[in-house]
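Chemist: Following this line is final06.cif, made up of mmCIF, C-alpha atoms:
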```cif
data_entry
#
loop_
_atom_site.label_atom_id
_atom_site.label_comp_id
_atom_site.auth_asym_id
_atom_site.auth_seq_id
_atom_site.Cartn_x
_atom_site.Cartn_y
_atom_site.Cartn_z
CA MET J 1 52.09 39.45 63.19
CA ASN J 2 49.28 39.98 65.67
CA LEU J 3 51.51 38.40 68.25
CA ASP J 4 54.32 40.89 67.49
CA ILE J 5 51.99 43.89 67.82
CA SER J 6 50.71 42.72 71.17
CA ARG J 7 54.31 42.06 72.32
CA TYR J 8 55.43 45.57 71.32
CA SER J 9 52.40 47.23 72.82
CA LYS J 10 53.00 45.26 76.02
CA ALA J 11 56.63 46.46 76.09
CA ILE J 12 55.54 50.04 75.48
CA VAL J 13 52.95 49.87 78.23
CA THR J 14 55.54 48.38 80.62
CA LEU J 15 57.97 51.18 79.76
CA LEU J 16 55.28 53.80 80.27
CA ILE J 17 54.43 52.31 83.65
CA LEU J 18 58.11 52.30 84.59
CA ALA J 19 58.41 55.92 83.44
CA ALA J 20 55.39 56.84 85.55
CA ILE J 21 56.91 55.12 88.59
CA ALA J 22 60.26 56.87 87.99
CA LYS J 23 58.54 60.24 87.69
CA ALA J 24 56.44 59.57 90.81
CA LEU J 25 59.56 58.63 92.78
CA SER J 26 61.26 61.79 91.52
CA LEU J 27 58.32 63.97 92.53
CA GLY J 28 58.11 62.26 95.92
CA SER J 29 61.80 62.86 96.61
CA ILE J 30 61.34 66.62 96.06
CA TYR J 31 59.51 66.70 99.40
CA PHE J 32 62.75 65.76 101.20
CA LEU J 33 64.99 68.12 99.23
CA LYS J 34 65.57 71.86 99.33
CA ASN J 35 63.60 73.86 96.82
CA ARG J 36 65.48 77.11 97.10
CA GLY J 37 69.08 78.02 96.36
CA ILE J 38 71.50 79.96 98.51
CA SER J 39 72.82 83.37 97.53
CA GLN J 40 75.63 85.37 99.01
CA VAL J 41 74.45 88.64 100.48
CA VAL J 42 76.94 91.21 99.30
CA ASP J 43 77.28 94.35 101.37
CA SER J 44 77.01 96.98 98.65
CA SER J 45 76.23 99.86 100.99
CA TYR J 46 78.37 102.93 100.47
CA THR J 47 80.52 103.94 103.38
CA MET J 48 82.12 107.34 103.68
CA PRO J 49 85.90 107.18 103.62
CA TYR J 50 87.39 107.19 107.12
CA LYS J 51 88.91 110.57 107.96
CA GLY J 52 89.83 110.19 111.60
CA TYR J 53 87.78 113.28 112.44
CA ARG J 54 87.54 114.20 116.13
CA PHE J 55 84.26 115.83 117.07
CA SER J 56 85.33 116.90 120.54
CA LYS J 57 88.09 119.04 119.01
CA SER J 58 85.70 120.80 116.65
CA PHE J 59 83.66 121.95 119.67
CA GLY J 60 86.77 123.15 121.45
CA ILE J 61 86.72 120.31 123.95
CA ILE J 62 90.18 119.03 124.63
CA GLU J 63 90.46 115.82 126.55
CA PRO J 64 92.85 116.16 129.52
CA ALA J 65 94.98 113.29 128.26
CA ALA J 66 95.33 115.06 124.95
CA ILE J 67 96.70 118.33 126.42
CA LYS J 68 100.35 118.48 125.61
CA SER J 69 103.05 121.08 126.05
CA PRO J 70 104.39 122.80 122.91
CA GLU J 71 107.56 120.69 123.24
CA GLN J 72 105.49 117.54 123.43
CA LEU J 73 103.41 118.64 120.47
CA LYS J 74 106.53 119.36 118.47
CA ALA J 75 107.97 115.97 119.39
CA ASN J 76 104.69 114.24 118.58
CA GLN J 77 104.26 115.86 115.16
CA PRO J 78 104.43 113.16 112.52
CA ILE J 79 107.60 113.17 110.47
CA TYR J 80 107.14 112.03 106.90
CA ASN J 81 109.75 110.42 104.72
CA LEU J 82 111.00 112.51 101.81
CA SER J 83 111.21 109.84 99.16
CA SER J 84 112.44 112.14 96.37
CA LEU J 85 115.87 112.41 98.00
CA GLU J 86 118.34 109.72 98.93
CA LEU J 87 120.78 110.64 101.68
CA LYS J 88 124.41 109.83 100.91
CA ALA J 89 126.40 111.84 103.48
CA ILE J 90 126.06 114.33 106.32
CA TYR J 91 128.73 116.95 107.13
CA LYS J 92 128.14 118.65 110.42
CA THR J 93 130.03 121.80 111.39
CA SER J 94 129.72 124.17 114.36
CA LYS J 95 127.85 126.63 112.09
CA GLY J 96 125.45 124.09 110.63
CA GLY J 97 126.74 121.86 107.86
CA PHE J 98 125.35 120.33 104.70
CA ILE J 99 124.22 117.08 103.21
CA VAL J 100 124.96 115.23 99.99
CA ALA J 101 121.92 113.57 98.49
CA LEU J 102 120.75 112.02 95.24
CA ASP J 103 117.65 113.50 93.64
CA ASN J 104 115.53 110.52 92.55
CA LYS J 105 113.38 112.76 90.38
CA LYS J 106 116.39 114.04 88.40
CA ALA J 107 117.99 110.73 87.46
CA LYS J 108 119.81 110.48 90.78
CA LYS J 109 121.72 113.73 90.32
CA SER J 110 123.94 114.59 93.32
CA VAL J 111 122.88 117.69 95.23
CA PHE J 112 124.46 119.60 98.10
CA ILE J 113 122.05 121.24 100.52
CA LYS J 114 123.19 123.59 103.28
CA VAL J 115 121.42 123.92 106.62
CA ASN J 116 118.69 126.61 106.39
CA SER J 117 118.81 126.58 102.58
CA GLU J 118 115.84 125.56 100.44
CA TYR J 119 115.62 122.77 97.91
CA ASN J 120 112.43 122.21 95.88
CA GLY J 121 110.40 124.01 98.55
CA TYR J 122 111.91 122.01 101.43
CA THR J 123 114.14 123.87 103.91
CA LEU J 124 116.89 121.85 105.57
CA LYS J 125 116.48 122.51 109.28
CA GLU J 126 118.30 119.96 111.34
CA LEU J 127 121.12 117.45 111.06
CA THR J 128 121.85 114.51 113.28
CA ASN J 129 124.30 111.65 112.77
CA GLU J 130 121.45 109.61 111.35
CA LYS J 131 119.12 111.87 109.44
CA ALA J 132 118.40 115.25 107.93
CA THR J 133 115.12 116.97 108.77
CA PHE J 134 113.40 119.35 106.37
CA ASP J 135 110.52 121.73 106.87
CA ARG J 136 107.79 122.61 104.40
CA ASN J 137 104.79 124.68 105.42
CA GLY J 138 105.28 123.68 109.04
CA GLN J 139 105.37 119.96 108.23
CA LYS J 140 108.47 117.94 108.99
CA TYR J 141 110.09 115.62 106.47
CA LYS J 142 113.15 113.48 106.94
CA ILE J 143 115.66 111.53 104.92
CA GLU J 144 117.76 108.76 106.41
CA PHE J 145 120.63 106.61 105.28
CA LYS J 146 119.68 103.52 103.35
CA LYS J 147 120.52 100.33 105.19
CA LYS J 148 123.71 98.51 104.01
CA LYS J 149 124.03 100.44 100.72
CA SER J 150 125.09 103.67 102.38
CA SER J 151 128.43 105.04 101.31
CA ALA J 152 128.58 107.56 104.11
CA LEU J 153 131.09 107.42 106.92
CA ILE J 154 128.40 107.63 109.51
CA THR J 155 126.83 104.29 110.32
CA PRO J 156 123.21 104.31 109.18
CA PRO J 157 120.66 103.81 111.91
CA SER J 158 118.39 100.77 112.04
CA ARG J 159 115.24 102.75 112.61
CA PRO J 160 111.95 102.05 110.90
CA LYS J 161 110.94 104.31 108.00
CA THR J 162 107.56 104.80 109.58
CA ALA J 163 107.34 107.60 112.06
CA THR J 164 106.36 106.00 115.33
CA ARG J 165 106.04 107.31 118.83
CA SER J 166 103.96 106.55 121.89
CA ASP J 167 100.69 104.65 121.39
CA ASP J 168 98.28 107.54 121.94
CA ILE J 169 99.34 109.55 118.92
CA ILE J 170 98.82 109.30 115.18
CA ARG J 171 101.59 107.57 113.24
CA ALA J 172 102.52 108.12 109.62
CA VAL J 173 102.91 105.43 106.98
CA SER J 174 104.04 106.05 103.44
CA LYS J 175 101.56 105.33 100.65
CA THR J 176 104.33 103.67 98.63
CA GLU J 177 104.91 101.18 101.41
CA VAL J 178 101.19 100.47 101.74
CA HIS J 179 100.82 100.04 97.96
CA LYS J 180 103.68 97.57 97.92
CA TYR J 181 101.55 95.24 100.01
CA THR J 182 98.34 95.81 98.05
CA LYS J 183 100.16 94.87 94.84
CA ASP J 184 101.93 91.87 96.32
CA PHE J 185 99.45 89.70 98.18
CA LYS J 186 102.10 87.09 98.91
CA SER J 187 104.19 89.52 100.95
CA ILE J 188 101.32 89.87 103.43
CA TRP J 189 101.43 86.14 104.14
CA LYS J 190 105.16 86.32 104.63
CA SER J 191 104.81 89.25 107.02
CA ILE J 192 101.88 88.41 109.24
CA SER J 193 99.76 85.44 110.20
CA ILE J 194 96.25 85.99 111.51
CA LYS J 195 93.47 83.65 112.53
CA GLU J 196 89.85 84.31 113.27
CA VAL J 197 88.66 84.48 116.89
CA LYS J 198 85.15 83.17 117.45
CA GLU J 199 82.64 83.73 120.19
CA ASN J 200 79.37 81.79 120.05
CA ASP J 201 80.37 80.57 116.60
CA LYS J 202 80.64 84.13 115.29
CA ILE J 203 83.85 85.88 114.28
CA ILE J 204 84.67 88.73 116.69
CA GLY J 205 88.09 89.59 115.32
CA PHE J 206 91.38 88.30 113.99
CA LYS J 207 94.26 87.30 116.23
CA VAL J 208 97.85 88.08 115.23
CA ASN J 209 99.58 84.71 115.56
CA SER J 210 102.94 85.83 114.28
CA ILE J 211 104.47 88.97 112.88
CA LYS J 212 107.79 89.43 111.14
CA GLU J 213 110.09 92.14 112.44
CA GLY J 214 110.83 95.00 110.07
CA THR J 215 107.63 94.58 108.07
CA ILE J 216 105.02 97.30 107.78
CA PHE J 217 102.72 95.45 110.18
CA TYR J 218 105.46 95.43 112.81
CA LYS J 219 106.08 99.12 112.25
CA LEU J 220 102.38 99.82 112.57
CA GLY J 221 102.68 98.73 116.16
CA LEU J 222 100.80 95.43 115.93
CA LYS J 223 102.03 92.77 118.32
CA LYS J 224 101.75 89.01 118.53
CA GLY J 225 98.61 88.14 120.47
CA ASP J 226 96.72 91.31 119.47
CA ILE J 227 93.13 90.73 118.41
CA ILE J 228 92.14 93.10 115.60
CA THR J 229 88.47 93.83 116.29
CA ALA J 230 87.82 96.77 113.95
CA VAL J 231 89.41 98.80 111.19
CA ASN J 232 88.23 102.37 110.67
CA ASN J 233 85.42 101.68 113.16
CA LYS J 234 84.16 98.80 110.98
CA PRO J 235 83.95 95.59 113.01
CA MET J 236 85.96 92.70 111.60
CA LYS J 237 83.21 90.11 111.69
CA SER J 238 84.10 88.10 108.61
CA TYR J 239 86.86 87.30 106.14
CA ALA J 240 84.89 89.40 103.68
CA SER J 241 85.26 92.52 105.86
CA ALA J 242 89.00 91.88 106.15
CA PHE J 243 89.25 91.49 102.39
CA LYS J 244 87.23 94.66 101.86
CA ILE J 245 89.79 96.61 103.90
CA TYR J 246 92.61 95.04 101.90
CA LYS J 247 90.95 96.09 98.64
CA GLY J 248 90.15 99.61 99.83
CA VAL J 249 93.38 100.47 101.62
CA LYS J 250 94.96 102.04 98.51
CA THR J 251 92.40 104.87 98.55
CA MET J 252 92.63 105.52 102.28
CA THR J 253 94.35 108.54 103.73
CA SER J 254 94.04 107.47 107.33
CA LEU J 255 93.63 104.19 109.10
CA LYS J 256 92.46 103.27 112.57
CA ILE J 257 93.05 99.73 113.80
CA THR J 258 91.24 98.76 116.99
CA VAL J 259 92.95 95.93 118.82
CA THR J 260 92.41 94.09 122.06
CA ARG J 261 95.74 93.78 123.82
CA ASN J 262 96.01 92.28 127.32
CA ASN J 263 92.22 92.52 127.66
CA GLN J 264 92.33 96.26 126.92
CA THR J 265 91.05 97.95 123.80
CA LYS J 266 93.59 100.11 122.01
CA ASP J 267 93.33 102.24 118.89
CA LEU J 268 96.32 102.40 116.58
CA GLU J 269 95.94 105.37 114.26
CA TYR J 270 97.91 106.14 111.13
CA GLU J 271 98.08 108.74 108.44
CA ILE J 272 98.86 107.41 104.99
CA TYR J 273 100.82 110.06 103.14
CA MET C 1 67.26 33.39 78.92
CA LYS C 2 65.33 35.70 76.66
CA LYS C 3 63.11 36.65 79.61
CA ILE C 4 66.12 37.46 81.82
CA GLY C 5 67.47 39.66 79.03
CA LEU C 6 64.15 41.46 78.83
CA ILE C 7 64.00 41.97 82.60
CA LEU C 8 67.57 43.39 82.58
CA ALA C 9 66.59 45.70 79.72
CA TYR C 10 63.60 46.94 81.74
CA ILE C 11 65.80 47.48 84.83
CA PHE C 12 68.31 49.44 82.76
CA ALA C 13 65.52 51.49 81.19
CA PHE C 14 64.03 52.16 84.63
CA ILE C 15 67.40 53.37 86.00
CA MET C 16 67.85 55.67 83.02
CA MET C 17 64.34 57.04 83.56
CA LEU C 18 65.11 57.60 87.23
CA LEU C 19 68.24 59.52 86.24
CA TYR C 20 66.35 61.51 83.64
CA PHE C 21 63.46 62.41 85.95
CA SER C 22 65.60 62.91 89.07
CA PRO C 23 65.05 66.36 90.60
CA LYS C 24 68.53 67.64 89.77
CA VAL C 25 67.78 71.26 90.62
CA GLU C 26 66.48 70.34 94.09
CA LEU C 27 69.41 67.95 94.61
CA TYR C 28 71.73 70.81 93.73
CA TYR C 29 69.99 73.14 96.23
CA THR C 30 70.42 70.44 98.89
CA LEU C 31 74.09 70.14 97.99
CA GLU C 32 74.38 73.92 98.35
CA GLU C 33 73.29 73.57 102.00
CA TYR C 34 76.21 71.21 102.63
CA LEU C 35 78.63 73.47 100.79
CA LYS C 36 77.45 76.41 102.88
CA LYS C 37 78.57 74.58 106.01
CA GLU C 38 82.03 74.44 104.42
CA LYS C 39 81.74 78.23 103.81
CA ILE C 40 81.48 77.70 100.04
CA ILE C 41 78.64 79.49 98.25
CA PHE C 42 77.72 79.49 94.58
CA SER C 43 75.65 82.62 94.10
CA ASP C 44 73.60 84.31 91.37
CA GLU C 45 73.76 81.22 89.16
CA ILE C 46 71.16 80.20 86.56
CA VAL C 47 70.28 76.57 87.22
CA LYS C 48 69.03 74.44 84.32
CA ASN C 49 67.92 70.83 84.23
CA SER C 50 68.69 69.52 80.76
CA GLY C 51 67.62 65.91 81.03
CA PHE C 52 70.73 63.98 81.99
CA THR C 53 72.73 67.14 82.66
CA LEU C 54 72.53 69.83 85.30
CA GLU C 55 73.86 73.17 84.11
CA LEU C 56 74.88 76.18 86.17
CA ASP C 57 75.53 79.38 84.26
CA ASN C 58 77.45 82.41 85.55
CA SER C 59 77.98 81.22 89.10
CA LYS C 60 79.75 83.55 91.45
CA LEU C 61 81.91 81.66 93.88
CA TYR C 62 82.40 82.86 97.45
CA TYR C 63 84.62 81.30 100.07
CA ARG C 64 84.23 82.51 103.67
CA GLY C 65 82.33 85.46 102.28
CA VAL C 66 85.20 86.51 100.04
CA TYR C 67 84.48 86.68 96.31
CA GLY C 68 86.60 84.04 94.60
CA GLY C 69 85.55 84.51 91.01
CA GLU C 70 82.95 83.71 88.38
CA ILE C 71 82.47 80.45 86.51
CA GLU C 72 80.71 80.82 83.17
CA ASP C 73 79.53 77.25 82.86
CA ILE C 74 79.37 74.24 85.16
CA GLN C 75 77.92 70.98 83.82
CA LEU C 76 77.21 67.83 85.76
CA SER C 77 76.25 64.89 83.58
CA THR C 78 75.39 61.50 84.97
CA LEU C 79 74.67 58.43 82.90
CA LEU C 80 75.43 55.92 85.66
CA LEU C 81 78.31 54.33 83.75
CA TYR C 82 79.74 57.63 82.61
CA ASN C 83 79.70 60.72 84.83
CA LYS C 84 81.28 64.07 84.18
CA LEU C 85 81.66 67.32 86.10
CA GLU C 86 82.96 70.14 83.95
CA PHE C 87 83.90 73.74 84.77
CA LYS C 88 84.38 76.05 81.81
CA ASN C 89 85.84 79.56 81.77
CA ALA C 90 86.42 80.40 85.39
CA TYR C 91 87.63 83.95 85.98
CA LEU C 92 89.14 84.24 89.43
CA ASN C 93 89.17 87.38 91.55
CA SER C 94 91.89 89.66 90.17
CA ALA C 95 92.84 90.69 93.72
CA LEU C 96 94.07 87.12 94.16
CA ALA C 97 96.02 87.14 90.89
CA ASP C 98 99.29 86.88 92.81
CA ILE C 99 98.48 83.50 94.23
CA LEU C 100 95.90 82.02 91.86
CA PRO C 101 95.72 81.88 88.06
CA LYS C 102 93.38 84.52 86.67
CA LYS C 103 91.62 82.24 84.21
CA ILE C 104 90.87 78.53 84.12
CA GLU C 105 89.72 77.51 80.63
CA TYR C 106 88.34 74.18 81.74
CA LEU C 107 88.55 71.65 84.51
CA THR C 108 86.95 68.24 84.03
CA LEU C 109 86.40 65.35 86.40
CA LYS C 110 85.26 62.09 84.79
CA TYR C 111 84.23 58.74 86.17
CA ALA C 112 83.58 56.02 83.63
CA ILE C 113 83.07 52.28 83.75
CA TYR C 114 86.10 51.64 81.52
CA ASN C 115 88.36 53.11 84.24
CA PRO C 116 86.49 52.15 87.41
CA ILE C 117 89.21 52.81 89.96
CA HIS C 118 90.04 56.36 88.89
CA ILE C 119 88.20 59.65 88.65
CA THR C 120 90.26 61.39 86.00
CA ILE C 121 91.08 65.08 86.17
CA THR C 122 92.07 67.25 83.21
CA GLY C 123 92.28 71.00 82.96
CA ARG C 124 93.90 74.01 81.38
CA GLY C 125 94.35 77.55 82.60
CA ASP C 126 96.72 80.51 82.84
CA ILE C 127 99.02 78.46 85.01
CA GLY C 128 99.38 75.55 82.55
CA GLU C 129 97.84 72.14 81.96
CA ILE C 130 96.88 69.61 84.59
CA ASN C 131 96.25 65.89 84.40
CA GLY C 132 95.60 63.58 87.25
CA TYR C 133 93.26 61.26 89.03
CA ILE C 134 91.50 60.55 92.29
CA ASN C 135 91.53 56.96 93.47
CA PRO C 136 88.59 56.68 95.87
CA PHE C 137 89.63 53.16 96.92
CA SER C 138 93.20 53.91 97.97
CA LYS C 139 92.17 57.50 98.84
CA VAL C 140 94.85 59.17 96.73
CA VAL C 141 94.73 62.41 94.77
CA HIS C 142 97.47 62.61 92.13
CA ILE C 143 97.91 65.75 90.04
CA GLU C 144 100.52 66.46 87.37
CA LEU C 145 101.03 70.00 86.21
CA VAL C 146 102.82 71.13 83.07
CA VAL C 147 103.85 74.70 83.72
CA SER C 148 106.37 77.12 82.23
CA LYS C 149 109.33 78.37 84.31
CA LYS C 150 107.87 81.88 84.33
CA GLN C 151 104.54 80.71 85.68
CA GLN C 152 106.33 78.48 88.15
CA SER C 153 108.01 81.45 89.77
CA LYS C 154 104.85 83.58 89.55
CA TYR C 155 102.70 81.05 91.39
CA GLY C 156 105.40 79.93 93.80
CA THR C 157 103.06 80.04 96.79
CA LEU C 158 100.44 77.87 95.10
CA LEU C 159 103.00 75.41 93.75
CA ARG C 160 104.91 74.98 96.99
CA LYS C 161 103.48 71.50 97.51
CA PHE C 162 104.22 70.33 93.95
CA LYS C 163 107.43 68.36 93.45
CA PRO C 164 109.13 67.82 90.05
CA ASN C 165 109.38 64.21 88.84
CA GLU C 166 112.13 62.76 86.61
CA LYS C 167 110.42 64.21 83.49
CA GLY C 168 110.36 67.68 85.02
CA VAL C 169 106.58 67.63 85.48
CA LEU C 170 105.32 69.02 88.77
CA VAL C 171 103.51 66.40 90.81
CA TYR C 172 101.24 66.79 93.79
CA GLU C 173 100.04 63.78 95.72
CA LEU C 174 97.65 63.80 98.64
CA ARG C 175 96.49 60.87 100.74
CA TYR C 176 93.30 61.56 102.58
#
```
Just give me the structure as structure tokens.
Modeler:
Amino acid sequence: MNLDISRYSKAIVTLLILAAIAKALSLGSIYFLKNRGISQVVDSSYTMPYKGYRFSKSFGIIEPAAIKSPEQLKANQPIYNLSSLELKAIYKTSKGGFIVALDNKKAKKSVFIKVNSEYNGYTLKELTNEKATFDRNGQKYKIEFKKKKSSALITPPSRPKTATRSDDIIRAVSKTEVHKYTKDFKSIWKSISIKEVKENDKIIGFKVNSIKEGTIFYKLGLKKGDIITAVNNKPMKSYASAFKIYKGVKTMTSLKITVTRNNQTKDLEYEIY
Amino acid sequence: MKKIGLILAYIFAFIMMLLYFSPKVELYYTLEEYLKKEKIIFSDEIVKNSGFTLELDNSKLYYRGVYGGEIEDIQLSTLLLYNKLEFKNAYLNSALADILPKKIEYLTLKYAIYNPIHITITGRGDIGEINGYINPFSKVVHIELVVSKKQQSKYGTLLRKFKPNEKGVLVYELRY
């Protein structure tokens, strides 16, 4: 019996010694290990929404490059799409003419609109073989034939929906078109491929590796090889900043994309209407 | 013979003590350093050392600085002959809902002595159920996914690399 007690106490002592050694080894190893975790620093600072405001203009300073003749100004005025109407046919006569359109807001009811007449506050001003231009409070709106589905005799044009002109002016992009991309993440991948550009191991922008024709990104004026360095004056220094733009684009009313093209910095500006 | 048995018992006990006393929290922080190099960060988590298990509660996952989602519970248990890594209730970033399932109920990776050549994978989420294994010797990852037709079309981008087998189960195999 005495023998058994001494055997058990010996085993217990051995186990305690082993436990002490194990604990000592564990404590010793802490010296070689990290004792602090890593946390992601989230940029929670509030940034004012980008408005594309030009200070020089507010002080009456007009840059020489920006001085344009009234004809140029008229030509450069953004033309928005009038999504409530769907153009079906254009009839041009020497005195003006009229259009046949479907009103999307009234269950696609057919409507006839004469030149210089008003419909829902929009006055039909101009007809071409491709489109009808309306005026409302000095702002131009257009409707064009739908591609392929058009039943009109006149061949629909293959022009982009987005109003685009020379690079130094503001373009217009429809909110509906922008929202389509914010709701469907996959469509972005199908439309554009970008890859980060690094300098000294830090991201300085995102290079457009490929871009599909006809997509919103193509219409925006982006080209293969462009390096997007900033959006709304915010430098694109990380994937997080790119993702932040993607998440916030639905609330934006204007957008400025700064790109480096052929070693020159270019601003592509858009109004989201 | 009896003495050898006793020595083996002491060795086993010592290994178990080493596992129990191992500085799991510090080991995890060291692992975080390596993950950071791969642009993966687990943030804001509550780290707990529960003896043989390391628990991480409410971890926010970031990849390349982009918020990927939150994982309610991660448990890493190691008993030398039976090891388990378990993720429970992962809610992925809703902005990525088009390409990734919104919720993963659980995802478990097990390595046990009774199946020494495979690390088994099981999981269930919005997308369906997965079963598979990693063979570290032949360097193969094999994943089988049971998914409904509706989900299959919804997560087309994610499932592009999965191929249906003769039973109609989607299979993904990677050799690394």
Chemist: Output the residue selection produced by the PyMOL selection byres ((chain J and resi 256-273) around 6) on the file above, formatted as a list in words.
Modeler: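 Selection result, ordered by chain and number: Ile170, Arg171, Ala172, Val173, Ser174, Lys175, Asp226, Ile227, Ile228, Thr229, Ala230, Val231, Asn232, Thr253, Ser254 and Leu255 of chain J.
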Chemist: Generate the output file for the selected residues, C-alpha atoms, as a compact mmCIF listing (two decimals), in the frame of the given file.
Modeler:
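Below is the file that was written, selection05.txt:
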```
# COMPACT_ATOMS: atom_id res chain seq x y z
CA ILE J 170 98.82 109.30 115.18
CA ARG J 171 101.59 107.57 113.24
CA ALA J 172 102.52 108.12 109.62
CA VAL J 173 102.91 105.43 106.98
CA SER J 174 104.04 106.05 103.44
CA LYS J 175 101.56 105.33 100.65
CA ASP J 226 96.72 91.31 119.47
CA ILE J 227 93.13 90.73 118.41
CA ILE J 228 92.14 93.10 115.60
CA THR J 229 88.47 93.83 116.29
CA ALA J 230 87.82 96.77 113.95
CA VAL J 231 89.41 98.80 111.19
CA ASN J 232 88.23 102.37 110.67
CA THR J 253 94.35 108.54 103.73
CA SER J 254 94.04 107.47 107.33
CA LEU J 255 93.63 104.19 109.10
```
Chemist: What are the closest atom pairs, with distances in Å to one decimal, for all residues of chain J lying within 12 Å of chain C? Consider all atoms listed in the file, order rows by chain and residue number, and present the result as a Markdown table.
Modeler:
```
| residue | atom | partner | partner_atom | distance |
| --- | --- | --- | --- | --- |
| J:Arg7 | CA | C:Leu6 | CA | 11.8 |
| J:Ala11 | CA | C:Tyr10 | CA | 9.0 |
| J:Ile12 | CA | C:Tyr10 | CA | 10.7 |
| J:Val13 | CA | C:Tyr10 | CA | 11.6 |
| J:Thr14 | CA | C:Tyr10 | CA | 8.3 |
| J:Leu15 | CA | C:Tyr10 | CA | 7.3 |
| J:Leu16 | CA | C:Phe14 | CA | 9.9 |
| J:Ile17 | CA | C:Phe14 | CA | 9.7 |
| J:Leu18 | CA | C:Phe14 | CA | 5.9 |
| J:Ala19 | CA | C:Met17 | CA | 6.0 |
| J:Ala20 | CA | C:Met17 | CA | 9.2 |
| J:Ile21 | CA | C:Phe14 | CA | 8.7 |
| J:Ala22 | CA | C:Leu18 | CA | 5.0 |
| J:Lys23 | CA | C:Phe21 | CA | 5.7 |
| J:Ala24 | CA | C:Phe21 | CA | 9.0 |
| J:Leu25 | CA | C:Leu18 | CA | 7.9 |
| J:Ser26 | CA | C:Ser22 | CA | 5.1 |
| J:Leu27 | CA | C:Pro23 | CA | 7.4 |
| J:Gly28 | CA | C:Pro23 | CA | 9.7 |
| J:Ser29 | CA | C:Pro23 | CA | 7.7 |
| J:Ile30 | CA | C:Pro23 | CA | 6.6 |
| J:Tyr31 | CA | C:Glu26 | CA | 9.5 |
| J:Phe32 | CA | C:Glu26 | CA | 9.2 |
| J:Leu33 | CA | C:Glu26 | CA | 5.8 |
| J:Lys34 | CA | C:Thr30 | CA | 5.1 |
| J:Asn35 | CA | C:Glu26 | CA | 5.3 |
| J:Arg36 | CA | C:Tyr29 | CA | 6.1 |
| J:Gly37 | CA | C:Tyr29 | CA | 5.0 |
| J:Ile38 | CA | C:Ser43 | CA | 6.6 |
| J:Ser39 | CA | C:Ser43 | CA | 4.5 |
| J:Gln40 | CA | C:Ser43 | CA | 5.6 |
| J:Val41 | CA | C:Gly65 | CA | 8.7 |
| J:Val42 | CA | C:Gly65 | CA | 8.4 |
| J:Asp43 | CA | C:Gly65 | CA | 10.3 |
| J:Tyr181 | CA | C:Asp98 | CA | 11.3 |
| J:Thr182 | CA | C:Ala95 | CA | 8.7 |
| J:Lys183 | CA | C:Asp98 | CA | 8.3 |
| J:Asp184 | CA | C:Asp98 | CA | 6.6 |
| J:Phe185 | CA | C:Asp98 | CA | 6.1 |
| J:Lys186 | CA | C:Asp98 | CA | 6.7 |
| J:Ser187 | CA | C:Asp98 | CA | 9.9 |
| J:Ile188 | CA | C:Asp98 | CA | 11.2 |
| J:Trp189 | CA | C:Thr157 | CA | 9.7 |
| J:Lys190 | CA | C:Thr157 | CA | 10.3 |
| J:Glu196 | CA | C:Arg64 | CA | 11.3 |
| J:Ile203 | CA | C:Arg64 | CA | 11.1 |
| J:Lys237 | CA | C:Gly65 | CA | 10.5 |
| J:Ser238 | CA | C:Gly65 | CA | 7.1 |
| J:Tyr239 | CA | C:Arg64 | CA | 6.0 |
| J:Ala240 | CA | C:Val66 | CA | 4.7 |
| J:Ser241 | CA | C:Val66 | CA | 8.4 |
| J:Ala242 | CA | C:Val66 | CA | 9.0 |
| J:Phe243 | CA | C:Val66 | CA | 6.8 |
| J:Lys244 | CA | C:Val66 | CA | 8.6 |
| J:Ile245 | CA | C:Val66 | CA | 11.7 |
| J:Tyr246 | CA | C:Ala95 | CA | 9.3 |
| J:Lys247 | CA | C:Ala95 | CA | 7.5 |
| J:Gly248 | CA | C:Ala95 | CA | 11.1 |
```
Chemist: Rank nothing, just name the residue among J:Lys195, J:Thr133, J:Val100, J:Gly221 nearest to Asn209 (chain J), using all atoms listed in the file.
Modeler: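 Going through J:Lys195, J:Thr133, J:Val100, J:Gly221 one by one, the smallest distance to Asn209 (chain J) is for J:Lys195.
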Chemist: For Arg124 (chain C), list every protein, DNA or RNA residue within 7 Å, evaluated using only C-alpha atoms, and leave out those in the same chain fewer than 2 positions away; present the list as a list in words.
Modeler: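 What passes the distance filter is Ile104, Glu105, Tyr106, Leu107, Gly128, Glu129 and Ile130 of chain C.
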Chemist: Quick one: apply the PyMOL selection byres ((chain C and resi 121) around 12) to the file and drop the selected residues here as a VMD selection string.
Modeler: chain C and resid 84 to 87 106 to 111 118 to 120 122 to 124 129 to 135 141 to 145
Chemist: How many Å lie between CA of Val146 (chain C) and CA of Val169 (chain C), rounded to one decimal?
Modeler: 5.7 Å
Chemist: CA of Asn233 (chain J) and CA of Lys198 (chain J) are how many Å apart?
Modeler: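 Result for CA of Asn233 (chain J) versus CA of Lys198 (chain J): 19.0 Å, one decimal.
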Chemist: Compile the contact shell of Asn81 (chain J) as a list in words: residues with an atom at most 7 Å away, counting only C-alpha atoms, same-chain residues fewer than 2 positions apart removed.
Modeler: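 Within the cut-off, the hits are Ile79, Ser83, Tyr141, Lys142 and Ile143 of chain J.
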Chemist: Which polymer residues have any atom within 8 Å of an atom of Leu56 (chain C), counting only C-alpha atoms, with same-chain residues fewer than 4 positions away left out, as a PyMOL selection string?
Modeler: chain C and resi 45-48+73-75
Chemist: Just to confirm, what's the straight-line distance from CA of Ile192 (chain J) to CA of Lys207 (chain J) in Å (one decimal)?
Modeler: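 Separating CA of Ile192 (chain J) from CA of Lys207 (chain J) is a distance of 10.4 Å.
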